[in-house]
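S.K.: Got a structure for you, questions after.
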Amino acid sequence: VDHVNLFVGQKTLDDMDWSPVDAQIEFGIDSDYKIENLPFNLSLSFLTSSDDATYFGVDVSGETSELRVGLRQYGDFSTNSSHYFYGAGLAFVSGEFSVGSVSDDDSTLGLFGEVGAQYKFNNNFHIGAKLDYSIATVEFFDFEGAGGGLHLGVFTGYSF
């Protein structure tokens, strides 16, 4: 079974690296594809997050994006309408941090892991929730920081 999902949630970044924009609203497209004769699905996702704040009268903004390729394993679909999944893979993580009119950005390769559950209304439509964690180090203004973080959200999608 193949899946295409629309995801909305929150990405929580390291507050020492990203404060005051460490809790970012996140949107994305998440998909996976069953490859014949393999016991898992190939997953492909794109997630983007951002937040804006004012800190001591100065505008601060942060943005990240993750392009992910990995493997996803589902629980048994034949028993009922609810099932779980888990997966892991590579994430190409980009970030930008702005303070006032000064900004810096960086991109790097990292890792991600995920767990989730979904409920199928019928053979085609489903809803679910998932928890992800990504690890990547980005550099802003000559300081290294975490570009990955904790992702928590809900999704709805189509199975075919």
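Identifiers for the structure tokens are assigned positionally: chains receive A, B, ... in sequence, residues are indexed from 1 per chain, and ligands are indexed from 1 in the order shown.
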Please identify all polymer residues within 6 Å of Asn41 of chain A, counting only C-alpha atoms, omitting same-chain residues fewer than 2 positions from it, and present them as JSON, numbers by chain.
M.R.: {"A": [32, 33, 34, 71, 72]}
S.K.: I need the chosen residues saved as a PDB file, in the first residue's frame, with C-alpha atoms.
M.R.:
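Final output, again-v5.pdb:
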```
ATOM      1  CA  ASP A  32       5.739   6.211   1.276  1.00  0.00           C
ATOM      2  CA  TYR A  33       5.742   3.647  -1.475  1.00  0.00           C
ATOM      3  CA  LYS A  34       5.637  -0.130  -1.351  1.00  0.00           C
ATOM      4  CA  LEU A  71      12.468   3.226   5.206  1.00  0.00           C
ATOM      5  CA  ARG A  72       9.096   2.769   6.923  1.00  0.00           C
TER       6      ARG A  72
END
```
S.K.: Would you give me, as a PyMOL selection string, the residues in segment 34-132 of chain A that DSSP reads as strand (DSSP E)?
M.R.: chain A and resi 34+41-55+58-74+82-99+102-120+125-132
S.K.: Compile the contact shell of Phe112 of chain A as an mmCIF file with all heavy atoms, in the first residue's frame: residues with an atom at most 6 Å away, counting only C-alpha atoms, same-chain residues fewer than 4 positions apart removed.
M.R.:
```cif
data_model
loop_
_atom_site.group_PDB
_atom_site.id
_atom_site.type_symbol
_atom_site.label_atom_id
_atom_site.label_comp_id
_atom_site.auth_asym_id
_atom_site.auth_seq_id
_atom_site.Cartn_x
_atom_site.Cartn_y
_atom_site.Cartn_z
ATOM 1 N N ALA A 88 13.061 5.199 9.726
ATOM 2 C CA ALA A 88 14.288 5.974 9.921
ATOM 3 C C ALA A 88 14.919 6.217 8.560
ATOM 4 O O ALA A 88 14.594 5.555 7.570
ATOM 5 C CB ALA A 88 15.257 5.230 10.825
ATOM 6 N N GLY A 89 15.839 7.191 8.527
ATOM 7 C CA GLY A 89 16.530 7.459 7.280
ATOM 8 C C GLY A 89 17.382 8.703 7.329
ATOM 9 O O GLY A 89 17.735 9.192 8.407
ATOM 10 N N TYR A 133 12.024 12.455 15.367
ATOM 11 C CA TYR A 133 13.175 13.171 15.913
ATOM 12 C C TYR A 133 14.245 13.197 14.830
ATOM 13 O O TYR A 133 14.561 12.162 14.239
ATOM 14 C CB TYR A 133 13.716 12.493 17.179
ATOM 15 C CG TYR A 133 14.711 13.366 17.895
ATOM 16 C CD1 TYR A 133 14.258 14.416 18.692
ATOM 17 C CD2 TYR A 133 16.076 13.189 17.745
ATOM 18 C CE1 TYR A 133 15.157 15.262 19.335
ATOM 19 C CE2 TYR A 133 16.968 14.016 18.383
ATOM 20 C CZ TYR A 133 16.506 15.045 19.181
ATOM 21 O OH TYR A 133 17.386 15.880 19.809
ATOM 22 N N SER A 134 14.782 14.386 14.556
ATOM 23 C CA SER A 134 15.840 14.513 13.559
ATOM 24 C C SER A 134 17.094 15.084 14.214
ATOM 25 O O SER A 134 17.015 15.866 15.171
ATOM 26 C CB SER A 134 15.389 15.396 12.391
ATOM 27 O OG SER A 134 14.959 16.659 12.835
#
```
S.K.: Excluding Phe143 of chain A and its own-chain neighbours fewer than 6 positions away, which residues fall within 12 Å of it when counting only C-alpha atoms? Please give them as a PDB file with C-alpha atoms, in the first residue's frame.
M.R.:
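The result, written out as out.pdb:
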```pdb
ATOM      1  CA  MET A  16      19.908  27.240  23.578  1.00  0.00           C
ATOM      2  CA  ASP A  17      20.415  27.445  19.800  1.00  0.00           C
ATOM      3  CA  TRP A  18      17.078  28.845  18.583  1.00  0.00           C
ATOM      4  CA  PHE A  97      18.232  32.364  11.546  1.00  0.00           C
ATOM      5  CA  ASP A 104      22.623  33.401   8.132  1.00  0.00           C
ATOM      6  CA  ASP A 105      21.718  30.000   6.709  1.00  0.00           C
ATOM      7  CA  ASP A 106      23.244  26.562   6.435  1.00  0.00           C
ATOM      8  CA  THR A 137      24.174  20.257  13.015  1.00  0.00           C
TER       9      THR A 137
END
```
S.K.: Find the residues near Glu114 of chain A: any atom within 6 Å, counting only C-alpha atoms, skip ones fewer than 2 places away on the same chain, and give them as a list in words.
M.R.: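 Neighbouring residues, sequence-local ones excluded: Tyr86, Gly87, Leu131 and Asp132 of chain A.
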S.K.: Please indicate the distance in Å from atom CA of Val58 of chain A to atom CA of Val138 of chain A, rounded to one decimal place.
M.R.: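 Spanning atom CA of Val58 of chain A to atom CA of Val138 of chain A is a straight-line distance of 22.7 Å.
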S.K.: Figure out the distance between atom CA of Leu42 of chain A and atom CA of Ser94 of chain A, please, to one decimal in Å.
M.R.: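 Atom CA of Leu42 of chain A lies 22.0 Å from atom CA of Ser94 of chain A.
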S.K.: Determine the nearest neighbour of Val21 of chain A from the options A:Ser98, A:Ser81, A:Asn5, A:Ser65, counting only C-alpha atoms.
M.R.: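 Selected residue with least distance to Val21 of chain A: A:Ser98.
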S.K.: Closest to Phe155 of chain A among A:Phe141, A:Tyr74, A:Tyr119, A:Phe92, using only C-alpha atoms?
M.R.: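 Among the listed residues, the smallest separation from Phe155 of chain A belongs to A:Tyr119.
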S.K.: Have a look at A:Gly148, A:Pro39, A:Gly116, A:Gly75 and name the one nearest to Val93 of chain A; count only C-alpha atoms.
M.R.: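 The answer is A:Gly148, which sits nearest to Val93 of chain A.
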S.K.: With DSSP run on the backbone, what are the helix (DSSP H, G or I) residues within chain A? I'd like them as an NGL selection string.
M.R.: :A and (15-18)
S.K.: Skip Ile29 of chain A itself and residues of its chain fewer than 6 positions away, then list as a ChimeraX atom specification all residues within 10 Å of it, counting only C-alpha atoms.
M.R.: /A:4-8,44-48,67,155,157
S.K.: Please save C-alpha atoms of the selected residues as an mmCIF file, in the first residue's frame.
M.R.:
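As a result, out.cif now contains:
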```
data_model
loop_
_atom_site.group_PDB
_atom_site.id
_atom_site.type_symbol
_atom_site.label_atom_id
_atom_site.label_comp_id
_atom_site.auth_asym_id
_atom_site.auth_seq_id
_atom_site.Cartn_x
_atom_site.Cartn_y
_atom_site.Cartn_z
ATOM 1 C CA VAL A 4 0.449 10.367 0.514
ATOM 2 C CA ASN A 5 -0.166 12.547 3.591
ATOM 3 C CA LEU A 6 -0.524 16.219 4.477
ATOM 4 C CA PHE A 7 1.169 16.903 7.832
ATOM 5 C CA VAL A 8 0.760 19.768 10.320
ATOM 6 C CA LEU A 44 9.928 10.413 1.050
ATOM 7 C CA SER A 45 8.978 13.591 2.929
ATOM 8 C CA PHE A 46 9.407 17.345 2.866
ATOM 9 C CA LEU A 47 8.777 19.350 6.051
ATOM 10 C CA THR A 48 9.119 23.086 6.607
ATOM 11 C CA LEU A 67 13.942 16.663 2.804
ATOM 12 C CA PHE A 155 -1.759 14.013 9.262
ATOM 13 C CA GLY A 157 -3.933 11.208 3.654
#
```
S.K.: When you count only C-alpha atoms, which of these residues is closest to Ala53 of chain A: A:Gly28, A:Gly9, A:Gly100, A:Gly95?
M.R.: A:Gly100
S.K.: What lies within 9 Å of Thr54 of chain A using only C-alpha atoms, ignoring chain neighbours under 6 positions off, as a PyMOL selection string?
M.R.: chain A and resi 20+60-61
